[in-house]
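Engineer: File name start.csv; file contents CSV, C-alpha atoms and all ligand atoms; full text below.
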```csv
chain,number,residue,atom,x,y,z
A,1,MET,CA,45.3,36.0,-33.8
A,2,SER,CA,47.3,38.6,-35.6
A,3,ALA,CA,49.7,37.8,-38.4
A,4,THR,CA,53.5,37.7,-38.0
A,5,ILE,CA,54.8,40.9,-39.6
A,6,LEU,CA,57.6,40.2,-42.1
A,7,ASP,CA,59.9,43.2,-41.5
A,8,GLY,CA,61.4,44.2,-44.9
A,9,ASN,CA,63.6,46.8,-43.3
A,10,ARG,CA,65.3,44.2,-41.2
A,11,THR,CA,65.7,41.7,-44.1
A,12,ALA,CA,67.0,44.5,-46.3
A,13,ALA,CA,69.5,45.5,-43.6
A,14,GLU,CA,70.8,41.9,-43.4
A,15,ILE,CA,71.3,41.7,-47.2
A,16,ARG,CA,72.8,45.2,-47.3
A,17,ALA,CA,75.4,44.1,-44.7
A,18,GLU,CA,76.2,41.0,-46.9
A,19,VAL,CA,76.6,43.1,-50.0
A,20,ALA,CA,78.7,45.7,-48.2
A,21,GLU,CA,81.1,42.9,-47.1
A,22,GLU,CA,81.4,41.7,-50.7
A,23,ILE,CA,82.1,45.2,-51.9
A,24,ARG,CA,84.8,45.6,-49.3
A,25,THR,CA,86.4,42.3,-50.5
A,26,LEU,CA,86.3,43.6,-54.1
A,27,SER,CA,87.7,46.9,-53.1
A,28,ALA,CA,90.7,45.2,-51.5
A,29,ALA,CA,91.3,43.7,-54.9
A,30,GLY,CA,91.1,47.2,-56.5
A,31,LEU,CA,87.6,46.6,-58.0
A,32,LYS,CA,84.7,49.0,-57.6
A,33,PRO,CA,81.2,48.2,-59.1
A,34,GLY,CA,79.6,50.9,-61.2
A,35,LEU,CA,75.9,51.7,-61.8
A,36,ALA,CA,74.4,54.1,-64.3
A,37,VAL,CA,70.8,55.2,-63.8
A,38,LEU,CA,68.8,56.8,-66.6
A,39,LEU,CA,65.9,59.0,-65.6
A,40,VAL,CA,64.1,60.6,-68.5
A,41,GLY,CA,62.0,63.6,-67.7
A,42,ASN,CA,60.6,64.5,-64.3
A,43,ASN,CA,58.1,61.9,-63.2
A,44,PRO,CA,57.9,62.7,-59.4
A,45,ALA,CA,57.6,59.1,-58.3
A,46,SER,CA,60.6,58.1,-60.5
A,47,GLU,CA,62.6,61.0,-59.2
A,48,ILE,CA,62.1,59.7,-55.6
A,49,TYR,CA,63.0,56.1,-56.6
A,50,VAL,CA,66.1,57.2,-58.5
A,51,ARG,CA,67.3,59.4,-55.6
A,52,GLY,CA,67.0,56.3,-53.3
A,53,LYS,CA,69.0,54.1,-55.7
A,54,VAL,CA,71.8,56.7,-56.1
A,55,LYS,CA,72.0,57.3,-52.4
A,56,SER,CA,72.1,53.6,-51.5
A,57,SER,CA,74.9,53.1,-54.1
A,58,GLU,CA,77.0,55.9,-52.5
A,59,GLU,CA,76.4,54.5,-49.0
A,60,LEU,CA,77.6,51.0,-50.1
A,61,GLY,CA,80.7,52.2,-52.1
A,62,ILE,CA,79.2,51.5,-55.5
A,63,TYR,CA,80.2,54.2,-58.1
A,64,SER,CA,77.0,55.6,-59.5
A,65,GLU,CA,76.1,58.2,-62.1
A,66,LYS,CA,72.7,59.6,-63.0
A,67,HIS,CA,71.7,60.6,-66.5
A,68,THR,CA,68.7,62.8,-66.9
A,69,PRO,CA,67.8,63.4,-70.5
A,70,PRO,CA,64.8,65.7,-71.1
A,71,THR,CA,61.2,64.5,-71.4
A,72,SER,CA,61.3,65.4,-75.1
A,73,SER,CA,64.2,62.9,-75.8
A,74,SER,CA,63.8,60.6,-78.8
A,75,THR,CA,64.2,56.9,-78.8
A,76,GLU,CA,67.4,57.3,-80.9
A,77,GLU,CA,68.9,59.6,-78.4
A,78,LEU,CA,68.3,57.2,-75.6
A,79,LEU,CA,69.7,54.3,-77.7
A,80,GLN,CA,72.9,56.3,-78.2
A,81,LEU,CA,73.2,56.9,-74.5
A,82,VAL,CA,72.6,53.2,-73.7
A,83,HIS,CA,75.2,52.2,-76.3
A,84,ASP,CA,77.8,54.5,-74.8
A,85,LEU,CA,77.2,53.0,-71.3
A,86,ASN,CA,77.4,49.5,-72.8
A,87,ARG,CA,80.9,50.3,-74.0
A,88,ARG,CA,82.2,51.7,-70.8
A,89,ASP,CA,84.1,49.0,-68.8
A,90,GLU,CA,83.7,50.7,-65.4
A,91,ILE,CA,79.9,50.6,-65.7
A,92,ASP,CA,78.6,47.2,-64.5
A,93,GLY,CA,74.9,48.0,-64.3
A,94,ILE,CA,72.6,50.1,-66.4
A,95,LEU,CA,69.1,50.9,-65.1
A,96,VAL,CA,66.5,52.6,-67.2
A,97,GLN,CA,63.8,54.0,-64.8
A,98,LEU,CA,60.3,53.2,-66.0
A,99,PRO,CA,57.9,54.5,-67.2
A,100,LEU,CA,59.5,56.3,-70.2
A,101,PRO,CA,57.7,59.2,-71.9
A,102,PRO,CA,55.0,58.0,-74.4
A,103,GLN,CA,57.0,58.9,-77.6
A,104,ILE,CA,59.8,56.5,-76.6
A,105,ASP,CA,59.9,52.9,-77.7
A,106,SER,CA,60.5,51.4,-74.3
A,107,LYS,CA,61.0,47.9,-75.5
A,108,ARG,CA,63.7,49.0,-78.0
A,109,VAL,CA,65.5,50.9,-75.2
A,110,LEU,CA,65.4,48.0,-72.7
A,111,THR,CA,66.5,45.5,-75.4
A,112,ALA,CA,69.5,47.8,-76.2
A,113,VAL,CA,70.9,47.4,-72.7
A,114,ASP,CA,73.8,44.8,-72.7
A,115,PRO,CA,72.2,41.7,-71.0
A,116,ALA,CA,75.3,41.4,-68.9
A,117,LYS,CA,74.7,44.9,-67.5
A,118,ASP,CA,70.9,44.6,-67.2
A,119,VAL,CA,70.6,44.9,-63.4
A,120,ASP,CA,66.8,45.2,-63.6
A,121,GLY,CA,66.6,41.8,-65.4
A,122,PHE,CA,64.2,43.3,-68.0
A,123,HIS,CA,66.1,42.3,-71.1
A,124,PRO,CA,64.4,39.4,-73.1
A,125,MET,CA,67.7,37.4,-72.7
A,126,ASN,CA,67.5,37.6,-68.9
A,127,VAL,CA,63.7,36.9,-69.0
A,128,GLY,CA,64.4,33.8,-71.0
A,129,LEU,CA,67.3,32.7,-68.8
A,130,LEU,CA,65.0,33.0,-65.7
A,131,SER,CA,62.2,31.1,-67.4
A,132,THR,CA,64.6,28.2,-68.3
A,133,GLN,CA,66.0,28.0,-64.8
A,134,ARG,CA,69.4,29.5,-65.5
A,135,PRO,CA,68.8,32.9,-63.8
A,136,ALA,CA,71.5,35.4,-64.3
A,137,LEU,CA,70.2,38.9,-63.4
A,138,VAL,CA,66.7,38.6,-61.8
A,139,PRO,CA,64.3,41.6,-61.5
A,140,CYS,CA,64.8,43.3,-58.1
A,141,THR,CA,61.3,43.3,-56.5
A,142,PRO,CA,60.6,39.6,-57.3
A,143,ALA,CA,64.1,38.6,-56.1
A,144,GLY,CA,63.4,40.6,-52.9
A,145,ILE,CA,60.1,38.7,-52.4
A,146,MET,CA,61.9,35.4,-52.6
A,147,GLU,CA,64.5,36.7,-50.0
A,148,ILE,CA,61.8,37.6,-47.6
A,149,LEU,CA,60.2,34.1,-47.9
A,150,LYS,CA,63.6,32.4,-47.6
A,151,ARG,CA,64.9,34.4,-44.6
A,152,ALA,CA,61.5,34.0,-42.8
A,153,ASN,CA,61.8,30.2,-43.3
A,154,ILE,CA,58.5,30.1,-45.2
A,155,PRO,CA,58.4,27.0,-47.4
A,156,VAL,CA,57.8,27.5,-51.1
A,157,ALA,CA,58.2,23.9,-52.6
A,158,GLY,CA,54.9,22.1,-52.8
A,159,GLN,CA,52.9,25.2,-51.7
A,160,GLU,CA,50.0,26.8,-53.5
A,161,ALA,CA,51.1,30.2,-54.6
A,162,VAL,CA,48.7,32.8,-56.2
A,163,VAL,CA,50.1,35.9,-57.8
A,164,VAL,CA,47.6,38.7,-58.5
A,165,GLY,CA,49.0,40.9,-61.3
A,166,ARG,CA,50.8,39.9,-64.5
A,167,SER,CA,53.2,42.8,-65.0
A,168,ASP,CA,56.5,42.2,-66.7
A,169,ILE,CA,58.2,43.9,-63.7
A,170,VAL,CA,56.7,42.1,-60.8
A,171,GLY,CA,53.9,39.6,-61.5
A,172,LYS,CA,55.4,37.4,-64.2
A,173,PRO,CA,59.0,37.2,-62.9
A,174,THR,CA,57.6,36.5,-59.3
A,175,ALA,CA,55.5,33.7,-60.7
A,176,MET,CA,58.6,32.3,-62.5
A,177,LEU,CA,60.7,32.4,-59.4
A,178,LEU,CA,58.0,30.6,-57.4
A,179,ILE,CA,57.7,27.9,-60.2
A,180,ASN,CA,61.5,27.5,-60.1
A,181,GLY,CA,61.1,27.1,-56.3
A,182,ASN,CA,58.6,24.2,-57.0
A,183,ALA,CA,55.5,26.0,-55.8
A,184,THR,CA,52.2,25.3,-57.7
A,185,VAL,CA,51.5,28.8,-59.2
A,186,THR,CA,48.4,30.5,-60.4
A,187,VAL,CA,48.7,34.0,-62.0
A,188,CYS,CA,45.5,36.1,-61.8
A,189,HIS,CA,44.6,39.4,-63.5
A,190,SER,CA,41.6,41.6,-64.2
A,191,LYS,CA,39.8,39.0,-66.3
A,192,THR,CA,40.1,36.2,-63.7
A,193,ARG,CA,36.8,34.6,-62.7
A,194,ASP,CA,36.1,34.4,-59.0
A,195,LEU,CA,39.3,36.1,-57.9
A,196,PRO,CA,38.5,35.8,-54.1
A,197,GLY,CA,37.9,32.0,-54.6
A,198,VAL,CA,41.2,31.5,-56.4
A,199,CYS,CA,43.1,33.7,-53.9
A,200,ARG,CA,41.7,31.6,-51.0
A,201,ARG,CA,43.5,28.6,-52.3
A,202,ALA,CA,46.9,30.3,-51.7
A,203,ASP,CA,49.4,29.3,-49.0
A,204,ILE,CA,51.4,32.2,-50.4
A,205,LEU,CA,49.4,35.2,-51.9
A,206,VAL,CA,51.3,37.9,-53.7
A,207,ALA,CA,49.3,41.0,-54.4
A,208,ALA,CA,50.8,43.1,-57.2
A,209,LEU,CA,47.8,44.6,-58.9
A,210,GLY,CA,48.1,48.3,-58.0
A,211,ARG,CA,44.7,48.8,-56.4
A,212,ALA,CA,44.6,50.3,-52.9
A,213,GLY,CA,43.5,47.8,-50.2
A,214,MET,CA,41.6,45.5,-52.7
A,215,ILE,CA,42.7,42.2,-51.2
A,216,THR,CA,40.3,42.0,-48.2
A,217,PRO,CA,40.1,39.1,-45.6
A,218,ALA,CA,37.6,37.4,-48.0
A,219,TYR,CA,40.5,36.7,-50.4
A,220,VAL,CA,42.8,35.1,-47.8
A,221,LYS,CA,42.9,31.6,-46.4
A,222,PRO,CA,43.5,31.7,-42.6
A,223,GLY,CA,47.2,31.3,-41.9
A,224,ALA,CA,48.4,32.2,-45.4
A,225,THR,CA,51.5,34.2,-46.1
A,226,VAL,CA,50.5,37.5,-47.8
A,227,ILE,CA,53.1,39.5,-49.7
A,228,ASP,CA,51.9,43.0,-50.5
A,229,VAL,CA,53.7,44.7,-53.4
A,230,GLY,CA,51.4,47.7,-53.8
A,231,THR,CA,52.3,51.2,-53.0
A,232,ASN,CA,49.2,53.5,-53.3
A,233,GLN,CA,48.6,56.9,-51.8
A,234,ILE,CA,45.5,57.5,-49.8
A,235,THR,CA,44.5,61.2,-50.1
A,236,THR,CA,40.8,61.4,-49.1
A,237,ARG,CA,39.3,61.3,-45.6
A,238,ALA,CA,36.7,58.8,-46.9
A,239,ASP,CA,39.4,56.3,-48.0
A,240,PHE,CA,41.4,57.0,-44.9
A,241,ASP,CA,38.5,56.1,-42.7
A,242,LYS,CA,37.7,53.0,-44.7
A,243,PHE,CA,41.1,51.5,-44.1
A,244,PHE,CA,42.7,53.2,-41.1
A,245,GLN,CA,39.9,54.6,-38.8
A,246,GLY,CA,41.1,54.4,-35.2
A,247,ASN,CA,44.8,54.0,-36.1
A,248,ASP,CA,46.4,56.9,-34.2
A,249,GLN,CA,49.9,56.5,-35.8
A,250,ARG,CA,48.4,56.7,-39.3
A,251,GLU,CA,46.1,59.5,-38.3
A,252,GLN,CA,49.1,61.6,-37.4
A,253,ILE,CA,50.8,60.9,-40.7
A,254,PHE,CA,47.6,61.6,-42.7
A,255,ARG,CA,47.1,65.0,-40.8
A,256,ARG,CA,50.7,66.0,-41.3
A,257,LYS,CA,51.2,65.0,-44.9
A,258,GLY,CA,47.6,65.0,-46.3
A,259,SER,CA,48.2,61.4,-47.5
A,260,THR,CA,49.4,58.0,-46.3
A,261,LEU,CA,50.6,54.9,-48.1
A,262,ILE,CA,48.6,51.7,-48.4
A,263,GLY,CA,49.4,48.5,-50.2
A,264,ASP,CA,47.1,46.4,-52.4
A,265,VAL,CA,46.1,44.5,-49.2
A,266,ASP,CA,43.4,45.8,-46.7
A,267,PRO,CA,45.1,46.2,-43.3
A,268,GLU,CA,42.3,43.9,-41.9
A,269,VAL,CA,44.0,41.0,-43.6
A,270,ALA,CA,46.5,41.0,-40.8
A,271,GLN,CA,43.7,39.4,-38.6
A,272,VAL,CA,43.5,36.4,-40.9
A,273,ALA,CA,46.9,35.9,-42.5
A,274,GLY,CA,49.7,33.9,-40.8
A,275,ALA,CA,52.4,36.3,-42.0
A,276,ILE,CA,52.2,39.5,-43.9
A,277,THR,CA,54.5,42.2,-45.3
A,278,PRO,CA,53.6,45.7,-44.1
A,279,VAL,CA,53.3,48.8,-46.3
A,280,PRO,CA,55.5,50.7,-45.9
A,281,GLY,CA,58.5,48.7,-44.7
A,282,GLY,CA,57.8,45.3,-46.4
A,283,VAL,CA,58.7,44.6,-50.0
A,284,GLY,CA,59.8,48.2,-50.8
A,285,PRO,CA,63.1,48.2,-48.9
A,286,LEU,CA,64.1,45.0,-50.7
A,287,THR,CA,63.9,46.4,-54.2
A,288,ILE,CA,66.8,48.8,-53.8
A,289,VAL,CA,69.0,46.5,-51.9
A,290,MET,CA,68.5,43.8,-54.5
A,291,LEU,CA,69.6,46.3,-57.2
A,292,MET,CA,72.8,46.8,-55.2
A,293,ALA,CA,73.2,43.0,-55.0
A,294,ASN,CA,72.5,42.7,-58.8
A,295,THR,CA,75.1,45.4,-59.6
A,296,VAL,CA,77.8,43.4,-57.7
A,297,ARG,CA,76.6,40.2,-59.3
A,298,ALA,CA,76.7,41.8,-62.8
A,299,MET,CA,80.3,42.9,-62.1
A,300,LYS,CA,81.4,39.5,-61.0
A,301,LEU,CA,79.7,37.7,-63.8
A,302,ARG,CA,80.9,40.0,-66.6
A,303,ARG,CA,84.5,40.5,-65.3
A,304,ALA,CA,84.9,36.8,-64.4
A,305,SER,CA,83.6,35.7,-67.8
A,306,ARG,CA,86.0,38.1,-69.5
A,307,LYS,CA,88.9,36.7,-67.5
A,308,ALA,CA,88.0,33.2,-68.7
A,309,GLU,CA,88.0,34.5,-72.3
A,310,LEU,CA,91.3,36.1,-71.9
A,311,SER,CA,92.9,33.0,-70.4
A,312,ARG,CA,91.6,31.0,-73.5
A,313,ALA,CA,93.1,33.5,-76.0
B,401,LIG,N1,59.5,51.6,-62.2
B,401,LIG,C1,58.8,51.0,-61.3
B,401,LIG,N2,59.4,49.9,-60.8
B,401,LIG,C2,60.6,49.9,-61.4
B,401,LIG,C3,61.7,49.0,-61.4
B,401,LIG,O1,61.8,48.1,-60.6
B,401,LIG,N3,62.8,49.3,-62.2
B,401,LIG,C4,62.7,50.3,-63.1
B,401,LIG,N4,63.8,50.5,-63.9
B,401,LIG,N5,61.7,51.1,-63.2
B,401,LIG,C5,60.6,50.9,-62.4
```
Translate the structure described by the file into structure tokens.

Structural biologist:
Amino acid sequence: MSATILDGNRTAAEIRAEVAEEIRTLSAAGLKPGLAVLLVGNNPASEIYVRGKVKSSEELGIYSEKHTPPTSSSTEELLQLVHDLNRRDEIDGILVQLPLPPQIDSKRVLTAVDPAKDVDGFHPMNVGLLSTQRPALVPCTPAGIMEILKRANIPVAGQEAVVVGRSDIVGKPTAMLLINGNATVTVCHSKTRDLPGVCRRADILVAALGRAGMITPAYVKPGATVIDVGTNQITTRADFDKFFQGNDQREQIFRRKGSTLIGDVDPEVAQVAGAITPVPGGVGPLTIVMLMANTVRAMKLRRASRKAELSRA
């Protein structure tokens, strides 16, 4: 039996339509959400991500602007740019694309973003609010994972969830959202003993470790839901044959582009899992649409709280 494919493109389109409707309502009231994206230097992967974020904003009617300081920028220069954006009322969301160049103090820059405009949910204030069950702005990929589960009617409460990977961007906030949803959560990492054994306990297995195809069927309980957050490029014939031999569609992509995308989950897992997100077309499409949703949310939270302040004055 083959797993149900959890179609991220379809879920993202559903959410996109809901966000578009909200934006139309706001627009009728003369309000337009605004997003500023900071891309420092020219990391090719970051350039692709940022292009997608700006394009998606434009399509949805969110005002967006891209700031591209050079790779040689100093921490102080970026702090000044963030402070300027914090002060501008028409900017509701500020996103600092990671990674930043090594000479930059990334934590200082992320902490300088006004928590009310922190559409990535990376500011310690928003991390704290999430961990104390008062989520305000939640990191986009973890929020997208929860939407996939919710909209596929996959129960979370009371389930065993295992998150492989403890990054600040994905692993930790995903674990927090699953805890808030009343799952029993285990977070694994490179020092975890008997990783396959721990993963086999999972009803919901989230793979966010950044290693091509590492989660094989031996890590998966039959019938489990598997969420694959990885995006890794396969560039050698040996790796291609290991994961995709006999897959004609992938063969064509690999021949045309010289590479193909694979998640952290071995495609063979689809023979064991109950439901699985594909790569590409699983979690990826949710990340951008949740950023759009967060920008609208940031606008509503900030401008509504200001209105309350004004009415008290
Ligand atoms: N780099 C990789 N993922 C992300 C993300 O979700 N947000 C930002 N800002 N940078 C990233």

Engineer: Within 12 Å of ligand LIG 401 (chain B), counting all atoms listed in the file, which protein or nucleic acid residues do you find, written as an NGL selection string?

Structural biologist: :A and (36-40 or 43-50 or 53 or 93-100 or 106 or 109-110 or 113 or 118-123 or 138-144 or 167-171 or 173 or 208 or 210 or 229-231 or 283-291)

Engineer: If you count all atoms listed in the file, which residues fall within 6 Å of stretch 215-221 of chain A, apart from same-chain ones fewer than 2 positions away, as a PyMOL selection string?

Structural biologist: chain A and resi 196+199-200+213+224+265-266+269

Engineer: Which polymer residues have any atom within 12 Å of an atom of A:Gln80, counting only C-alpha atoms, with same-chain residues fewer than 4 positions away left out, as a list in words?

Structural biologist: Pro69, Ser73, Ser74, Thr75, Glu76, Asp84, Leu85, Asn86, Arg87, Arg108, Val109, Ala112 and Val113 of chain A

Engineer: Produce a file of the selected residues containing C-alpha atoms, as a compact mmCIF listing (two decimals), keeping the file's coordinate frame.

Structural biologist:
```
# COMPACT_ATOMS: atom_id res chain seq x y z
CA PRO A 69 67.80 63.40 -70.50
CA SER A 73 64.20 62.90 -75.80
CA SER A 74 63.80 60.60 -78.80
CA THR A 75 64.20 56.90 -78.80
CA GLU A 76 67.40 57.30 -80.90
CA ASP A 84 77.80 54.50 -74.80
CA LEU A 85 77.20 53.00 -71.30
CA ASN A 86 77.40 49.50 -72.80
CA ARG A 87 80.90 50.30 -74.00
CA ARG A 108 63.70 49.00 -78.00
CA VAL A 109 65.50 50.90 -75.20
CA ALA A 112 69.50 47.80 -76.20
CA VAL A 113 70.90 47.40 -72.70
```

Engineer: Give me, as JSON lines, the closest atom pair and its distance (Å, one decimal) for every residue of stretch 69-148 of chain A within a cut-off of 10 Å of stretch 7-31 of chain A, counting only C-alpha atoms, rows sorted by chain and rising number.

Structural biologist:
```
{"residue": "A:Glu90", "atom": "CA", "partner": "A:Leu31", "partner_atom": "CA", "distance": 9.3}
{"residue": "A:Gly144", "atom": "CA", "partner": "A:Ala12", "partner_atom": "CA", "distance": 8.5}
{"residue": "A:Ile145", "atom": "CA", "partner": "A:Gly8", "partner_atom": "CA", "distance": 9.4}
{"residue": "A:Glu147", "atom": "CA", "partner": "A:Thr11", "partner_atom": "CA", "distance": 7.8}
{"residue": "A:Ile148", "atom": "CA", "partner": "A:Thr11", "partner_atom": "CA", "distance": 6.7}
```

Engineer: Grab the atom CA of A:Arg297 to atom CA of A:Pro280 distance for me, in Å with one decimal place.

Structural biologist: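 Distance reported for this atom pair: 27.1 Å.
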
Engineer: For atom CA of A:Gly34 and atom CA of A:Val82, quote the distance in Å rounded to one decimal.

Structural biologist: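 Calculated distance between atom CA of A:Gly34 and atom CA of A:Val82 is 14.5 Å.
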
Engineer: Fewer than 6 positions away in the same chain doesn't count, so skip those; otherwise give me all residues within 9 Å of A:Thr186, counting all atoms listed in the file, as a count of residues only.

Structural biologist: 9

Engineer: Could stretch 152-169 of chain A be completed with N, CA, C and O atoms and written as an mmCIF file, keeping the file's coordinate frame, please?

Structural biologist:
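Resulting contents of part23.cif:
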```
data_model
loop_
_atom_site.group_PDB
_atom_site.id
_atom_site.type_symbol
_atom_site.label_atom_id
_atom_site.label_comp_id
_atom_site.auth_asym_id
_atom_site.auth_seq_id
_atom_site.Cartn_x
_atom_site.Cartn_y
_atom_site.Cartn_z
ATOM 1 N N ALA A 152 62.539 34.199 -43.807
ATOM 2 C CA ALA A 152 61.500 34.000 -42.800
ATOM 3 C C ALA A 152 61.208 32.485 -42.634
ATOM 4 O O ALA A 152 60.273 32.109 -41.917
ATOM 5 N N ASN A 153 61.980 31.645 -43.339
ATOM 6 C CA ASN A 153 61.800 30.200 -43.300
ATOM 7 C C ASN A 153 60.354 29.788 -43.739
ATOM 8 O O ASN A 153 59.782 28.852 -43.179
ATOM 9 N N ILE A 154 59.799 30.503 -44.691
ATOM 10 C CA ILE A 154 58.500 30.100 -45.200
ATOM 11 C C ILE A 154 58.683 29.195 -46.387
ATOM 12 O O ILE A 154 59.346 29.558 -47.363
ATOM 13 N N PRO A 155 58.164 27.966 -46.288
ATOM 14 C CA PRO A 155 58.400 27.000 -47.400
ATOM 15 C C PRO A 155 57.735 27.441 -48.668
ATOM 16 O O PRO A 155 56.666 28.053 -48.640
ATOM 17 N N VAL A 156 58.360 27.143 -49.792
ATOM 18 C CA VAL A 156 57.800 27.500 -51.100
ATOM 19 C C VAL A 156 57.474 26.159 -51.853
ATOM 20 O O VAL A 156 56.399 25.997 -52.430
ATOM 21 N N ALA A 157 58.391 25.200 -51.816
ATOM 22 C CA ALA A 157 58.200 23.900 -52.600
ATOM 23 C C ALA A 157 56.914 23.250 -52.110
ATOM 24 O O ALA A 157 56.645 23.116 -50.921
ATOM 25 N N GLY A 158 56.118 22.876 -53.118
ATOM 26 C CA GLY A 158 54.900 22.100 -52.800
ATOM 27 C C GLY A 158 53.732 23.009 -52.371
ATOM 28 O O GLY A 158 52.613 22.512 -52.181
ATOM 29 N N GLN A 159 53.973 24.319 -52.182
ATOM 30 C CA GLN A 159 52.900 25.200 -51.700
ATOM 31 C C GLN A 159 52.084 25.724 -52.869
ATOM 32 O O GLN A 159 52.570 25.827 -53.995
ATOM 33 N N GLU A 160 50.839 26.076 -52.564
ATOM 34 C CA GLU A 160 50.000 26.800 -53.500
ATOM 35 C C GLU A 160 50.319 28.253 -53.483
ATOM 36 O O GLU A 160 50.151 28.868 -52.417
ATOM 37 N N ALA A 161 50.798 28.815 -54.580
ATOM 38 C CA ALA A 161 51.100 30.200 -54.600
ATOM 39 C C ALA A 161 50.156 30.911 -55.630
ATOM 40 O O ALA A 161 49.964 30.388 -56.730
ATOM 41 N N VAL A 162 49.569 32.019 -55.254
ATOM 42 C CA VAL A 162 48.700 32.800 -56.200
ATOM 43 C C VAL A 162 49.320 34.187 -56.305
ATOM 44 O O VAL A 162 49.558 34.858 -55.301
ATOM 45 N N VAL A 163 49.607 34.581 -57.554
ATOM 46 C CA VAL A 163 50.100 35.900 -57.800
ATOM 47 C C VAL A 163 49.032 36.723 -58.493
ATOM 48 O O VAL A 163 48.514 36.313 -59.536
ATOM 49 N N VAL A 164 48.648 37.831 -57.886
ATOM 50 C CA VAL A 164 47.600 38.700 -58.500
ATOM 51 C C VAL A 164 48.314 39.843 -59.168
ATOM 52 O O VAL A 164 48.935 40.676 -58.510
ATOM 53 N N GLY A 165 48.240 39.864 -60.490
ATOM 54 C CA GLY A 165 49.000 40.900 -61.300
ATOM 55 C C GLY A 165 49.938 40.162 -62.206
ATOM 56 O O GLY A 165 50.664 39.273 -61.775
ATOM 57 N N ARG A 166 49.942 40.577 -63.478
ATOM 58 C CA ARG A 166 50.800 39.900 -64.500
ATOM 59 C C ARG A 166 51.766 40.806 -65.150
ATOM 60 O O ARG A 166 52.087 40.656 -66.331
ATOM 61 N N SER A 167 52.247 41.803 -64.406
ATOM 62 C CA SER A 167 53.200 42.800 -65.000
ATOM 63 C C SER A 167 54.505 42.094 -65.354
ATOM 64 O O SER A 167 54.887 41.095 -64.732
ATOM 65 N N ASP A 168 55.216 42.696 -66.324
ATOM 66 C CA ASP A 168 56.500 42.200 -66.700
ATOM 67 C C ASP A 168 57.552 42.453 -65.557
ATOM 68 O O ASP A 168 58.550 41.760 -65.436
ATOM 69 N N ILE A 169 57.295 43.503 -64.762
ATOM 70 C CA ILE A 169 58.200 43.900 -63.700
ATOM 71 C C ILE A 169 58.111 43.089 -62.456
ATOM 72 O O ILE A 169 59.097 42.755 -61.816
#
```
